[in-house]
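To keep things clear, I will list the structure first and then write my remarks on it.
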Amino acid sequence: MESKGSISIKLLLLLHLFVLCASQDFDFYYFVQQWPGSYCDTQNSCCYPTTGKPAADFGIHGLWPNYKDGSYPSNCDPNNRFQQSQISDLTSSLQRNWPTLACPSGNGVQFWTHEWEKHGTCSESLLKQHDYFEAALDLKQRSNLLRALTNAGIQPNGGSYSLSSIKGAIKDAIGYTPYIECNVDESRNSQLYQVYLCVDTSASHFIECPVFPSGKCASQIEFPSF
């Protein structure tokens, strides 16, 4: 007859195995980047990070495991907390490429903590904490959204552009169709807010999106300055 201690250990091992299985149960990632000019040009405005105003470039919002039916896992491992020491060599790059614009001003740690614990833990069996953030930084560099748009004559100058031309410019540069999310400025004009690209489960290859988020933009949208 097994002792209570032996049974408890087996239960803990089974629970840990369950968490690991749950953390790799997804079909693809959404890699989401946001335009800071649109984040700030709203009724709620924004707060620059304590490191200063970010560059006028798209910033990372997140790398989100997703299912093909449009749903997604979240908060998959409460025991795997964000640890800044694990990404200390990436901090300066994260501050440049994954800046926080939330109020009150912060240094980015709260933002990265939220993204890791809500989304990153759901792929922890494939990407450890350092790998997760490093993969996102690499995807941003490879996508280079601002260059893709400006090469097509789409400038962040407050002008209005067709939604189809924005999608087309990004697809021409990267090879895959993006999803564009819009928000509205204080005058209720639709503007380019976030760009979603889909990535395989290894977080190393862009792919065609199995499903797009719900919501839509106007046919003409603004690209505000920052």
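Within each chain, counting starts at residue 1; across the structure tokens, chains are named A, B, ... in the order shown, with ligands numbered 1 upward in that order.
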
### Task
May I have the residues within 12 Å of Lys167 of chain A as a ChimeraX atom specification, using only C-alpha atoms and disregarding those fewer than 5 positions away in the same chain?
/A:145,148-149,152,154,161-162,172-181,192,194-197,217,219-221

Requested write-out: N, CA and C atoms of the selected residues, as a compact mmCIF listing (two decimals), in the first residue's frame:
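The result, written out as out19.txt:
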# COMPACT_ATOMS: atom_id res chain seq x y z
N LEU A 145 7.89 46.82 -40.11
CA LEU A 145 6.64 47.35 -40.67
C LEU A 145 6.76 48.77 -41.19
N ALA A 148 8.31 48.81 -44.52
CA ALA A 148 7.39 48.26 -45.52
C ALA A 148 6.38 49.31 -45.97
N LEU A 149 5.88 50.08 -45.02
CA LEU A 149 4.87 51.09 -45.35
C LEU A 149 5.48 52.30 -46.04
N ALA A 152 6.30 52.03 -49.60
CA ALA A 152 5.12 52.07 -50.47
C ALA A 152 4.49 53.46 -50.49
N ILE A 154 3.54 55.18 -47.84
CA ILE A 154 2.58 55.34 -46.75
C ILE A 154 3.34 55.87 -45.53
N TYR A 161 -5.02 56.90 -45.79
CA TYR A 161 -4.64 55.88 -46.76
C TYR A 161 -5.69 54.79 -46.81
N SER A 162 -5.78 54.13 -47.94
CA SER A 162 -6.76 53.04 -48.04
C SER A 162 -6.27 51.84 -47.23
N ASP A 172 3.35 42.65 -49.46
CA ASP A 172 4.40 42.67 -50.47
C ASP A 172 5.78 42.54 -49.83
N ALA A 173 5.95 43.16 -48.65
CA ALA A 173 7.26 43.16 -47.99
C ALA A 173 7.54 41.87 -47.24
N ILE A 174 6.51 41.31 -46.62
CA ILE A 174 6.72 40.16 -45.72
C ILE A 174 6.29 38.84 -46.36
N GLY A 175 5.32 38.93 -47.27
CA GLY A 175 4.86 37.72 -47.95
C GLY A 175 3.59 37.13 -47.41
N TYR A 176 3.05 37.75 -46.35
CA TYR A 176 1.84 37.20 -45.72
C TYR A 176 0.86 38.32 -45.40
N THR A 177 -0.42 37.97 -45.42
CA THR A 177 -1.47 38.97 -45.22
C THR A 177 -1.60 39.34 -43.75
N PRO A 178 -1.51 40.63 -43.41
CA PRO A 178 -1.68 41.05 -42.02
C PRO A 178 -3.15 41.30 -41.69
N TYR A 179 -3.43 41.35 -40.41
CA TYR A 179 -4.72 41.87 -39.95
C TYR A 179 -4.44 43.26 -39.37
N ILE A 180 -5.24 44.22 -39.74
CA ILE A 180 -5.08 45.59 -39.26
C ILE A 180 -6.18 45.91 -38.25
N GLU A 181 -5.77 46.37 -37.08
CA GLU A 181 -6.73 46.82 -36.06
C GLU A 181 -6.68 48.35 -36.00
N LEU A 192 -4.77 53.76 -38.03
CA LEU A 192 -3.97 52.54 -37.96
C LEU A 192 -3.41 52.38 -36.54
N GLN A 194 -2.94 48.73 -34.70
CA GLN A 194 -2.12 47.55 -34.49
C GLN A 194 -2.09 46.68 -35.75
N VAL A 195 -0.96 46.00 -35.92
CA VAL A 195 -0.78 45.08 -37.04
C VAL A 195 -0.53 43.69 -36.46
N TYR A 196 -1.33 42.72 -36.90
CA TYR A 196 -1.20 41.33 -36.47
C TYR A 196 -0.57 40.53 -37.61
N LEU A 197 0.49 39.83 -37.30
CA LEU A 197 1.07 38.85 -38.22
C LEU A 197 1.02 37.49 -37.54
N CYS A 217 -11.85 47.91 -39.81
CA CYS A 217 -11.49 49.32 -39.95
C CYS A 217 -12.36 49.95 -41.03
N SER A 219 -12.62 51.95 -44.64
CA SER A 219 -11.88 51.69 -45.87
C SER A 219 -10.73 52.68 -46.06
N GLN A 220 -10.83 53.85 -45.47
CA GLN A 220 -9.76 54.84 -45.44
C GLN A 220 -9.39 55.10 -43.98
N ILE A 221 -8.11 55.02 -43.64
CA ILE A 221 -7.70 55.21 -42.25
C ILE A 221 -6.50 56.15 -42.19

### Task
as a PyMOL selection string, list the residues of segment 9-223 of chain A assigned to strand (DSSP E) by DSSP on the backbone atoms of this structure.
chain A and resi 28-34+59-66+159-162+179-184+190-199+206-207+220-223

### Query
Leaving out segment 123-131 of chain A and any residue of its chain fewer than 6 positions from it, which residues lie within 10 Å of it when counting only C-alpha atoms, given as number ranges by chain?
A: 19-26, 29, 63-65, 73-74, 76-77, 80-90, 116-117, 137, 201-203

### Selected residue of minimal separation from Arg188 of chain A among A:Asp69, A:Glu115, A:Cys46, A:Ala218, counting only C-alpha atoms
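When distances to Arg188 of chain A are compared using only C-alpha atoms, the smallest one comes from A:Ala218.
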
### Message
Just the number, please: distance in Å from atom CA of Leu139 of chain A to atom CA of Phe206 of chain A, one decimal.
### Response
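If I compute the distance from atom CA of Leu139 of chain A to atom CA of Phe206 of chain A, I get 8.5 Å.
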
### Query
If you count only C-alpha atoms, which residues fall within 10 Å of Trp112 of chain A, apart from same-chain ones fewer than 6 positions away, as an NGL selection string?
:A and (61-62 or 82-84 or 94 or 98-100 or 118 or 120 or 133)

### Task
Measure the distance from atom CA of Asp41 of chain A to atom CA of Ser165 of chain A in Å and round it to one decimal.
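Atom-to-atom, atom CA of Asp41 of chain A and atom CA of Ser165 of chain A are spaced 22.1 Å apart.
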
### Task
In Å, rounded to a single decimal, give me how far atom CA of Gly153 of chain A is from atom CA of Glu186 of chain A.
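Spanning atom CA of Glu186 of chain A to atom CA of Gly153 of chain A is a straight-line distance of 25.6 Å.
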